[in-house]
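Novice: What follows is the file structure-v6.json, containing JSON, C-alpha atoms:
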```json
[["chain", "number", "residue", "atom", "x", "y", "z"],
["A", 1, "MET", "CA", 100.01, -89.68, -54.57],
["A", 2, "ARG", "CA", 103.26, -89.04, -56.40],
["A", 3, "ASP", "CA", 105.02, -91.84, -54.51],
["A", 4, "CYS", "CA", 102.17, -94.27, -55.26],
["A", 5, "VAL", "CA", 102.45, -93.57, -58.98],
["A", 6, "LEU", "CA", 106.25, -93.83, -58.87],
["A", 7, "LEU", "CA", 106.06, -97.14, -57.02],
["A", 8, "THR", "CA", 103.58, -98.59, -59.50],
["A", 9, "ALA", "CA", 105.65, -97.46, -62.49],
["A", 10, "SER", "CA", 108.92, -98.65, -60.92],
["A", 11, "LYS", "CA", 107.48, -102.08, -60.17],
["A", 12, "PHE", "CA", 106.27, -102.37, -63.76],
["A", 13, "VAL", "CA", 109.66, -101.39, -65.15],
["A", 14, "ASN", "CA", 111.38, -103.79, -62.74],
["A", 15, "ARG", "CA", 109.09, -106.63, -63.83],
["A", 16, "HIS", "CA", 109.96, -106.02, -67.49],
["A", 17, "LEU", "CA", 113.51, -104.79, -66.95],
["A", 18, "SER", "CA", 115.11, -107.09, -69.50],
["A", 19, "TRP", "CA", 112.87, -105.71, -72.24],
["A", 20, "TYR", "CA", 113.69, -102.11, -71.31],
["A", 21, "LEU", "CA", 117.43, -102.86, -71.25],
["A", 22, "THR", "CA", 117.38, -104.81, -74.53],
["A", 23, "ASN", "CA", 115.49, -102.05, -76.33],
["A", 24, "GLY", "CA", 117.65, -99.27, -74.91],
["A", 25, "ALA", "CA", 114.77, -97.60, -73.09],
["A", 26, "ILE", "CA", 116.68, -97.62, -69.80],
["A", 27, "SER", "CA", 120.40, -97.36, -69.08],
["A", 28, "SER", "CA", 122.29, -100.00, -67.13],
["A", 29, "GLU", "CA", 122.99, -97.37, -64.45],
["A", 30, "ALA", "CA", 119.26, -96.71, -64.04],
["A", 31, "ALA", "CA", 118.58, -100.46, -63.94],
["A", 32, "THR", "CA", 121.20, -100.87, -61.21],
["A", 33, "ALA", "CA", 119.66, -98.04, -59.17],
["A", 34, "LEU", "CA", 116.10, -99.34, -59.54],
["A", 35, "PRO", "CA", 116.05, -101.79, -56.58],
["A", 36, "LYS", "CA", 117.29, -99.07, -54.22],
["A", 37, "GLN", "CA", 114.63, -96.69, -55.54],
["A", 38, "LEU", "CA", 111.94, -99.36, -55.08],
["A", 39, "ASN", "CA", 113.03, -100.04, -51.51],
["A", 40, "GLY", "CA", 113.00, -96.34, -50.70],
["A", 41, "LEU", "CA", 109.50, -95.89, -52.10],
["A", 42, "ILE", "CA", 108.24, -98.94, -50.21],
["A", 43, "ARG", "CA", 109.78, -97.62, -46.99],
["A", 44, "THR", "CA", 108.21, -94.20, -47.51],
["A", 45, "LEU", "CA", 104.77, -95.58, -48.32],
["A", 46, "GLY", "CA", 104.99, -98.21, -45.60],
["A", 47, "ASN", "CA", 105.16, -95.48, -42.98],
["A", 48, "GLN", "CA", 101.96, -94.01, -44.43],
["A", 49, "SER", "CA", 100.16, -97.26, -45.28],
["A", 50, "LEU", "CA", 97.43, -97.12, -42.62],
["A", 51, "GLU", "CA", 96.66, -93.51, -43.49],
["A", 52, "LEU", "CA", 96.54, -94.37, -47.21],
["A", 53, "CYS", "CA", 94.16, -97.26, -46.56],
["A", 54, "GLU", "CA", 91.90, -94.98, -44.54],
["A", 55, "HIS", "CA", 91.79, -92.35, -47.30],
["A", 56, "LEU", "CA", 91.13, -95.02, -49.94],
["A", 57, "GLY", "CA", 88.21, -96.35, -47.92],
["A", 58, "VAL", "CA", 89.63, -99.80, -47.18],
["A", 59, "PRO", "CA", 87.52, -101.34, -44.38],
["A", 60, "LYS", "CA", 89.37, -101.81, -41.08],
["A", 61, "SER", "CA", 88.34, -105.47, -41.06],
["A", 62, "LEU", "CA", 90.60, -105.99, -44.09],
["A", 63, "ILE", "CA", 93.51, -104.05, -42.61],
["A", 64, "TYR", "CA", 93.68, -105.82, -39.27],
["A", 65, "ALA", "CA", 93.62, -109.46, -40.32],
["A", 66, "PRO", "CA", 94.15, -111.99, -37.49],
["A", 67, "ILE", "CA", 97.25, -113.43, -39.13],
["A", 68, "TYR", "CA", 99.02, -110.11, -38.60],
["A", 69, "THR", "CA", 97.78, -109.26, -35.13],
["A", 70, "GLY", "CA", 98.63, -112.28, -33.01],
["A", 71, "TYR", "CA", 97.79, -115.38, -35.01],
["A", 72, "GLN", "CA", 98.73, -117.67, -32.11],
["A", 73, "ASN", "CA", 96.06, -116.18, -29.84],
["A", 74, "TYR", "CA", 93.59, -116.28, -32.74],
["A", 75, "TYR", "CA", 94.01, -120.02, -33.20],
["A", 76, "LYS", "CA", 93.80, -120.68, -29.45],
["A", 77, "SER", "CA", 90.44, -118.92, -29.27],
["A", 78, "ASP", "CA", 86.99, -119.88, -30.49],
["A", 79, "PHE", "CA", 87.12, -117.21, -33.20],
["A", 80, "THR", "CA", 88.14, -119.74, -35.82],
["A", 81, "GLN", "CA", 84.49, -120.22, -36.87],
["A", 82, "GLY", "CA", 84.65, -123.53, -38.64],
["A", 83, "GLU", "CA", 88.36, -124.05, -39.05],
["A", 84, "HIS", "CA", 88.94, -127.60, -37.88],
["A", 85, "TYR", "CA", 92.66, -127.66, -37.13],
["A", 86, "ASP", "CA", 94.62, -126.33, -34.19],
["A", 87, "LEU", "CA", 97.66, -125.11, -36.12],
["A", 88, "LEU", "CA", 99.78, -124.75, -32.99],
["A", 89, "ASN", "CA", 99.47, -128.43, -32.09],
["A", 90, "LEU", "CA", 98.52, -129.74, -35.56],
["A", 91, "LYS", "CA", 95.54, -131.67, -34.17],
["A", 92, "PRO", "CA", 91.96, -131.68, -35.41],
["A", 93, "LYS", "CA", 89.65, -129.64, -33.15],
["A", 94, "PHE", "CA", 86.71, -132.05, -33.33]]
```
Mind converting the file's structure to C-alpha coordinates?
Specialist:
Amino acid sequence: MRDCVLLTASKFVNRHLSWYLTNGAISSEAATALPKQLNGLIRTLGNQSLELCEHLGVPKSLIYAPIYTGYQNYYKSDFTQGEHYDLLNLKPKF
(Lines of atoms letter the chains of each structure in order from A and count residues from 1; the text may use other names and numbers.)
(Lines give C-alpha, C1' and ligand atoms only; values in the text may rest on other atoms or scores of the structure.)
Protein backbone atom coordinates (compact mmCIF):
# COMPACT_ATOMS: atom_id res chain seq x y z
CA MET A 1 0.00 0.00 0.00
CA ARG A 2 2.94 2.28 0.72
CA ASP A 3 4.06 2.19 -2.92
CA CYS A 4 0.53 2.98 -4.13
CA VAL A 5 0.37 6.05 -1.92
CA LEU A 6 3.88 7.13 -2.96
CA LEU A 7 3.02 6.73 -6.63
CA THR A 8 -0.17 8.76 -6.30
CA ALA A 9 1.61 11.54 -4.40
CA SER A 10 4.59 11.54 -6.78
CA LYS A 11 2.33 11.79 -9.83
CA PHE A 12 0.49 14.72 -8.23
CA VAL A 13 3.74 16.52 -7.44
CA ASN A 14 5.03 15.81 -10.95
CA ARG A 15 1.84 17.21 -12.49
CA HIS A 16 2.22 20.44 -10.50
CA LEU A 17 6.02 20.49 -10.37
CA SER A 18 6.40 24.07 -11.57
CA TRP A 19 4.24 25.32 -8.70
CA TYR A 20 6.25 23.35 -6.13
CA LEU A 21 9.55 24.64 -7.56
CA THR A 22 8.36 28.25 -7.79
CA ASN A 23 7.11 28.25 -4.20
CA GLY A 24 10.22 26.54 -2.83
CA ALA A 25 8.33 23.49 -1.62
CA ILE A 26 10.67 21.14 -3.48
CA SER A 27 14.36 21.45 -4.32
CA SER A 28 15.67 21.29 -7.87
CA GLU A 29 17.57 18.12 -6.91
CA ALA A 30 14.34 16.46 -5.77
CA ALA A 31 12.59 17.61 -8.95
CA THR A 32 15.38 16.11 -11.05
CA ALA A 33 15.14 12.80 -9.18
CA LEU A 34 11.34 12.62 -9.43
CA PRO A 35 11.06 10.94 -12.88
CA LYS A 36 13.44 8.17 -11.81
CA GLN A 37 11.44 7.67 -8.61
CA LEU A 38 8.19 7.53 -10.60
CA ASN A 39 9.61 4.96 -13.01
CA GLY A 40 10.84 2.82 -10.13
CA LEU A 41 7.45 2.89 -8.42
CA ILE A 42 5.67 2.04 -11.67
CA ARG A 43 8.05 -0.86 -12.27
CA THR A 44 7.53 -2.16 -8.73
CA LEU A 45 3.75 -1.89 -8.88
CA GLY A 46 3.62 -3.21 -12.44
CA ASN A 47 5.05 -6.51 -11.25
CA GLN A 48 2.24 -6.71 -8.69
CA SER A 49 -0.57 -5.22 -10.79
CA LEU A 50 -2.64 -8.38 -11.30
CA GLU A 51 -2.42 -9.22 -7.61
CA LEU A 52 -3.42 -5.66 -6.68
CA CYS A 53 -6.42 -5.78 -9.02
CA GLU A 54 -7.51 -9.07 -7.47
CA HIS A 55 -7.29 -7.69 -3.92
CA LEU A 56 -9.16 -4.53 -4.94
CA GLY A 57 -11.96 -6.62 -6.42
CA VAL A 58 -11.54 -5.54 -10.04
CA PRO A 59 -13.51 -8.01 -12.21
CA LYS A 60 -11.36 -10.21 -14.46
CA SER A 61 -13.42 -9.11 -17.46
CA LEU A 62 -11.97 -5.61 -17.01
CA ILE A 63 -8.41 -6.83 -16.57
CA TYR A 64 -8.21 -9.04 -19.63
CA ALA A 65 -9.54 -6.73 -22.33
CA PRO A 66 -9.33 -8.11 -25.90
CA ILE A 67 -7.13 -5.23 -27.05
CA TYR A 68 -4.38 -6.48 -24.74
CA THR A 69 -4.71 -10.21 -25.30
CA GLY A 70 -4.46 -10.67 -29.04
CA TYR A 71 -6.52 -7.96 -30.69
CA GLN A 72 -5.84 -9.36 -34.18
CA ASN A 73 -7.51 -12.68 -33.35
CA TYR A 74 -10.35 -10.79 -31.65
CA TYR A 75 -11.17 -8.83 -34.79
CA LYS A 76 -10.92 -11.93 -37.00
CA SER A 77 -13.51 -13.72 -34.87
CA ASP A 78 -17.25 -13.25 -34.47
CA PHE A 79 -16.77 -11.86 -30.96
CA THR A 80 -17.03 -8.29 -32.21
CA GLN A 81 -20.77 -8.22 -31.43
CA GLY A 82 -21.92 -5.34 -33.56
CA GLU A 83 -18.67 -3.74 -34.58
CA HIS A 84 -19.00 -3.24 -38.31
CA TYR A 85 -15.40 -2.83 -39.44
CA ASP A 86 -12.66 -5.37 -39.99
CA LEU A 87 -9.77 -3.28 -38.66
CA LEU A 88 -7.14 -5.57 -40.17
CA ASN A 89 -8.39 -5.03 -43.72
CA LEU A 90 -10.26 -1.75 -43.13
CA LYS A 91 -13.41 -3.07 -44.84
CA PRO A 92 -16.98 -2.99 -43.58
CA LYS A 93 -18.14 -6.41 -42.34
CA PHE A 94 -21.66 -6.16 -43.78
Novice: Need the shell around Arg15 in chain A: protein/DNA/RNA residues with any atom at most 12 Å away, counting all atoms listed in the file. Skip same-chain ones fewer than 6 positions apart. Format as a VMD selection string?
Specialist: chain A and resid 8 to 9 21 31 34 to 35 38
Novice: Take the selection from the previous step and output its residues with C-alpha atoms, as a PDB file, in the frame of the given file.
Specialist:
```pdb
ATOM      1  CA  THR A   8     103.580 -98.590 -59.500  1.00  0.00           C
ATOM      2  CA  ALA A   9     105.650 -97.460 -62.490  1.00  0.00           C
ATOM      3  CA  LEU A  21     117.430-102.860 -71.250  1.00  0.00           C
ATOM      4  CA  ALA A  31     118.580-100.460 -63.940  1.00  0.00           C
ATOM      5  CA  LEU A  34     116.100 -99.340 -59.540  1.00  0.00           C
ATOM      6  CA  PRO A  35     116.050-101.790 -56.580  1.00  0.00           C
ATOM      7  CA  LEU A  38     111.940 -99.360 -55.080  1.00  0.00           C
TER       8      LEU A  38
END
```
Novice: Counting only C-alpha atoms, which of A:His16, A:Ser27, A:Leu52, A:Ser10 gets nearest to Gly40 in chain A?
Specialist: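 The answer is A:Ser10, which sits nearest to Gly40 in chain A.
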Novice: Kindly give the distance, in Å, that separates CA of Asn47 in chain A and CA of Ala30 in chain A, rounded to a single decimal.
Specialist: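 Computed distance, CA of Asn47 in chain A to CA of Ala30 in chain A, equals 25.4 Å.
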Novice: When you draw a straight line from CA of Ala33 in chain A to CA of Val5 in chain A, how long is it in Å?
Specialist: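 CA of Val5 in chain A lies 17.8 Å from CA of Ala33 in chain A.
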Novice: What is the CA of Gly57 in chain A-CA of Cys4 in chain A distance in Å, reported with one decimal?
Specialist: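 Rounded to one decimal, the two atoms are 15.9 Å apart.
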Novice: Tell me which of A:Leu17, A:His55, A:Leu45, A:Lys60 sits closest to Thr32 in chain A, counting all atoms listed in the file.
Specialist: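 Comparing A:Leu17, A:His55, A:Leu45, A:Lys60 against Thr32 in chain A, the winner is A:Leu17.
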Novice: For Lys11 in chain A, which residue out of A:Ile63, A:Leu50, A:Leu56, A:Leu41 is the nearest one, using only C-alpha atoms?
Specialist: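 Among the listed residues, A:Leu41 lies closest to Lys11 in chain A.
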